[in-house]
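The file target.pdb contains PDB, C-alpha atoms:
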```pdb
ATOM      1  CA  MET A  60     123.734  30.620-103.044
ATOM      2  CA  LYS A  61     127.291  29.280-102.781
ATOM      3  CA  LYS A  62     128.581  31.894-105.233
ATOM      4  CA  ILE A  63     126.967  34.635-103.129
ATOM      5  CA  MET A  64     128.682  33.234-100.040
ATOM      6  CA  ILE A  65     132.010  33.197-101.881
ATOM      7  CA  VAL A  66     131.557  36.813-102.931
ATOM      8  CA  MET A  67     130.928  37.651 -99.269
ATOM      9  CA  ILE A  68     134.391  36.302 -98.486
ATOM     10  CA  LEU A  69     135.814  39.223-100.411
ATOM     11  CA  PHE A  70     134.556  41.439 -97.604
ATOM     12  CA  VAL A  71     136.398  39.609 -94.842
ATOM     13  CA  SER A  72     138.828  41.317 -92.577
ATOM     14  CA  ILE A  73     142.226  40.169 -91.448
ATOM     15  CA  SER A  74     143.751  40.625 -88.021
ATOM     16  CA  ILE A  75     147.439  40.415 -87.248
ATOM     17  CA  PHE A  76     148.972  39.473 -83.894
ATOM     18  CA  PHE A  77     152.700  39.338 -83.184
ATOM     19  CA  CYS A  78     154.829  38.612 -80.161
ATOM     20  CA  ALA A  79     158.017  40.552 -79.758
ATOM     21  CA  CYS A  80     160.290  37.824 -78.434
ATOM     22  CA  SER A  81     163.747  38.781 -77.278
ATOM     23  CA  HIS A  82     165.681  35.804 -78.659
ATOM     24  CA  GLU A  83     168.535  36.579 -81.032
ATOM     25  CA  ALA A  84     168.897  34.636 -84.263
ATOM     26  CA  ALA A  85     171.628  31.998 -84.267
ATOM     27  CA  THR A  86     173.045  33.596 -87.387
ATOM     28  CA  LYS A  87     173.810  36.973 -85.810
ATOM     29  CA  GLY A  88     175.930  39.020 -88.154
ATOM     30  CA  LYS A  89     175.011  36.914 -91.188
ATOM     31  CA  THR A  90     172.324  37.458 -93.767
ATOM     32  CA  ALA A  91     169.752  34.707 -93.358
ATOM     33  CA  ALA A  92     166.348  34.182 -94.868
ATOM     34  CA  ILE A  93     163.379  34.061 -92.545
ATOM     35  CA  GLN A  94     162.288  30.552 -91.619
ATOM     36  CA  ILE A  95     158.786  29.579 -90.526
ATOM     37  CA  THR A  96     159.481  26.960 -87.864
ATOM     38  CA  ASP A  97     155.899  26.073 -86.892
ATOM     39  CA  ILE A  98     152.418  26.765 -88.250
ATOM     40  CA  LYS A  99     148.969  25.789 -86.958
ATOM     41  CA  MET A 100     145.348  26.645 -87.578
ATOM     42  CA  ALA A 101     143.316  27.421 -84.465
ATOM     43  CA  ALA A 102     139.954  28.614 -83.190
ATOM     44  CA  GLY A 103     141.699  31.483 -81.417
ATOM     45  CA  ILE A 104     144.896  33.009 -80.090
ATOM     46  CA  ASN A 105     145.216  33.656 -76.349
ATOM     47  CA  ASP A 106     146.744  36.641 -74.503
ATOM     48  CA  ASP A 107     150.180  34.963 -74.630
ATOM     49  CA  LEU A 108     149.787  34.769 -78.438
ATOM     50  CA  MET A 109     149.545  30.975 -78.376
ATOM     51  CA  PRO A 110     147.029  29.032 -80.488
ATOM     52  CA  VAL A 111     143.796  27.899 -78.799
ATOM     53  CA  LYS A 112     141.975  24.755 -79.988
ATOM     54  CA  THR A 113     144.293  23.853 -82.872
ATOM     55  CA  THR A 114     142.512  22.039 -85.679
ATOM     56  CA  ASP A 115     142.569  21.348 -89.403
ATOM     57  CA  THR A 116     138.762  21.160 -89.573
ATOM     58  CA  PHE A 117     136.470  23.962 -88.422
ATOM     59  CA  PRO A 118     132.743  23.387 -87.867
ATOM     60  CA  LYS A 119     130.111  24.591 -90.304
ATOM     61  CA  GLY A 120     129.038  28.076 -89.303
ATOM     62  CA  SER A 121     132.554  29.239 -88.393
ATOM     63  CA  SER A 122     133.045  32.918 -89.089
ATOM     64  CA  LYS A 123     136.642  33.301 -87.899
ATOM     65  CA  VAL A 124     139.802  31.196 -88.265
ATOM     66  CA  TYR A 125     143.332  31.877 -87.057
ATOM     67  CA  CYS A 126     146.700  30.896 -88.491
ATOM     68  CA  TRP A 127     149.446  30.925 -85.848
ATOM     69  CA  PHE A 128     153.135  30.667 -86.753
ATOM     70  CA  LYS A 129     156.652  30.950 -85.326
ATOM     71  CA  TRP A 130     159.628  32.346 -87.213
ATOM     72  CA  ARG A 131     163.355  32.921 -86.868
ATOM     73  CA  ASN A 132     166.182  34.577 -88.805
ATOM     74  CA  ALA A 133     164.035  37.475 -89.987
ATOM     75  CA  LYS A 134     165.272  40.961 -90.727
ATOM     76  CA  VAL A 135     163.228  43.441 -88.710
ATOM     77  CA  ASN A 136     160.152  44.557 -90.695
ATOM     78  CA  THR A 137     160.444  41.748 -93.254
ATOM     79  CA  ALA A 138     157.342  41.973 -95.451
ATOM     80  CA  ILE A 139     155.511  38.654 -95.823
ATOM     81  CA  LEU A 140     152.601  38.169 -98.214
ATOM     82  CA  VAL A 141     149.723  36.228 -96.634
ATOM     83  CA  LYS A 142     147.432  34.585 -99.217
ATOM     84  CA  TRP A 143     144.077  33.045 -98.226
ATOM     85  CA  GLU A 144     142.402  30.829-100.859
ATOM     86  CA  PHE A 145     139.117  28.921-101.141
ATOM     87  CA  VAL A 146     140.573  25.821-102.802
ATOM     88  CA  THR A 147     137.224  24.094-103.403
ATOM     89  CA  ASP A 148     136.279  26.608-106.115
ATOM     90  CA  GLU A 149     139.819  27.919-106.799
ATOM     91  CA  ILE A 150     138.944  31.414-105.578
ATOM     92  CA  PRO A 151     141.535  33.793-104.087
ATOM     93  CA  ILE A 152     140.033  35.295-100.934
ATOM     94  CA  LEU A 153     142.491  37.830 -99.627
ATOM     95  CA  ASP A 154     146.126  38.874-100.024
ATOM     96  CA  ASN A 155     147.665  40.951 -97.275
ATOM     97  CA  VAL A 156     151.224  42.031 -96.512
ATOM     98  CA  VAL A 157     152.369  41.865 -92.892
ATOM     99  CA  ALA A 158     155.609  43.199 -91.430
ATOM    100  CA  ILE A 159     157.482  40.787 -89.162
ATOM    101  CA  PRO A 160     158.572  42.946 -86.183
ATOM    102  CA  ARG A 161     161.505  40.922 -84.773
ATOM    103  CA  LYS A 162     164.279  38.501 -85.769
ATOM    104  CA  GLU A 163     162.523  35.695 -83.924
ATOM    105  CA  GLY A 164     159.008  35.394 -82.569
ATOM    106  CA  MET A 165     155.500  34.158 -83.025
ATOM    107  CA  GLY A 166     152.195  35.597 -84.049
ATOM    108  CA  GLY A 167     149.221  35.036 -86.222
ATOM    109  CA  VAL A 168     146.690  36.285 -88.684
ATOM    110  CA  SER A 169     142.952  35.722 -88.785
ATOM    111  CA  LEU A 170     140.319  35.535 -91.465
ATOM    112  CA  VAL A 171     137.038  37.053 -90.253
ATOM    113  CA  MET A 172     133.689  37.105 -92.026
ATOM    114  CA  PRO A 173     131.334  40.081 -91.716
ATOM    115  CA  GLU A 174     128.903  39.949 -88.799
ATOM    116  CA  GLY A 175     126.183  37.344 -89.344
ATOM    117  CA  LYS A 176     128.073  35.547 -92.144
ATOM    118  CA  ALA A 177     129.959  32.250 -92.023
ATOM    119  CA  LEU A 178     132.771  30.787 -94.079
ATOM    120  CA  PRO A 179     131.371  28.463 -96.760
ATOM    121  CA  SER A 180     132.014  24.740 -96.311
ATOM    122  CA  GLY A 181     134.996  23.496 -98.278
ATOM    123  CA  GLU A 182     138.782  23.362 -98.511
ATOM    124  CA  TYR A 183     140.979  26.391 -97.800
ATOM    125  CA  ARG A 184     144.683  27.197 -97.903
ATOM    126  CA  ILE A 185     146.808  29.926 -96.402
ATOM    127  CA  GLY A 186     150.246  30.667 -97.826
ATOM    128  CA  LEU A 187     153.100  32.698 -96.354
ATOM    129  CA  ILE A 188     155.275  34.091 -99.154
ATOM    130  CA  LEU A 189     158.487  36.117 -99.201
ATOM    131  CA  GLU A 190     159.449  37.902-102.423
ATOM    132  CA  GLY A 191     157.496  35.391-104.525
ATOM    133  CA  ARG A 192     159.017  32.397-102.722
ATOM    134  CA  PRO A 193     156.644  30.234-100.651
ATOM    135  CA  LEU A 194     157.802  29.942 -97.048
ATOM    136  CA  LYS A 195     154.977  27.760 -95.755
ATOM    137  CA  SER A 196     151.414  26.860 -96.638
ATOM    138  CA  TYR A 197     148.701  25.145 -94.647
ATOM    139  CA  SER A 198     145.421  23.577 -95.731
ATOM    140  CA  PHE A 199     142.273  23.364 -93.630
ATOM    141  CA  LYS A 200     138.547  22.669 -94.016
ATOM    142  CA  VAL A 201     135.228  24.058 -92.941
ATOM    143  CA  GLU A 202     132.551  21.368 -92.738
TER
END
```
Translate this structure into structure tokens?
Amino acid sequence: MKKIMIVMILFVSISIFFCACSHEAATKGKTAAIQITDIKMAAGINDDLMPVKTTDTFPKGSSKVYCWFKWRNAKVNTAILVKWEFVTDEIPILDNVVAIPRKEGMGGVSLVMPEGKALPSGEYRIGLILEGRPLKSYSFKVE
């Protein structure tokens, strides 16, 4: 049964939300690598693109989780690889590339199960990666 649930994860979808903030990077005129300045897992993201009900542990039966993050010093359209993993059974879930739209801002990505399905209980990790270099990772649970 658990293996069937894990296979179902392969059919998840990912949503991307970004805020176009107008702040300029402190390193204007210099080449700087993007920095992830904050990261949180949440039950949702509100209309202001802020995390709602931040948590590291989601209840059994959860079908959607959000990863919210802030960044700075990005080149416009920087491509970041987002990797979701089911750590409990060492199974990659989903890799997706997102384009960061501004030098500085905030946004998030979500992992969504198909209708009527829930994320299996266990340990998960999301990683944000730039050109093979980890920027930030975050672990969370479903129990």
**Request:** Run through the PyMOL selection byres ((chain A and resi 134) around 9) on the given coordinates and return the selected residues as a ChimeraX atom specification.
**Result:** /A:90-93,132-133,135-137,159-162
**Asked** Taking all atoms listed in the file into account, which of A:Ala177, A:Leu194, A:Leu153, A:Leu108 comes nearest Trp130 in chain A?
**Response** A:Leu194
Assuming 5 Å of padding per side, give the centre and edge lengths of the axis-aligned box around every listed atom of range 128-137 of chain A, in Å to one decimal and as AutoDock Vina command-line options.
```
--center_x 159.7 --center_y 37.6 --center_z -89.3 --size_x 23.0 --size_y 23.9 --size_z 17.9
```
**Request:** Check what the PyMOL selection byres ((chain A and resi 180) around 6) selects in the file above and give those residues as a PyMOL selection string.
**Result:** chain A and resi 179+181+201-202
**Radius query 10 Å about (137.8, 26.9, -82.4), atoms used: all atoms listed in the file, as a list in words** = Met100, Ala101, Ala102, Gly103, Ile104, Pro110, Val111, Lys112, Thr113, Thr114, Thr116, Phe117, Pro118, Ser121, Lys123, Val124 and Tyr125 of chain A
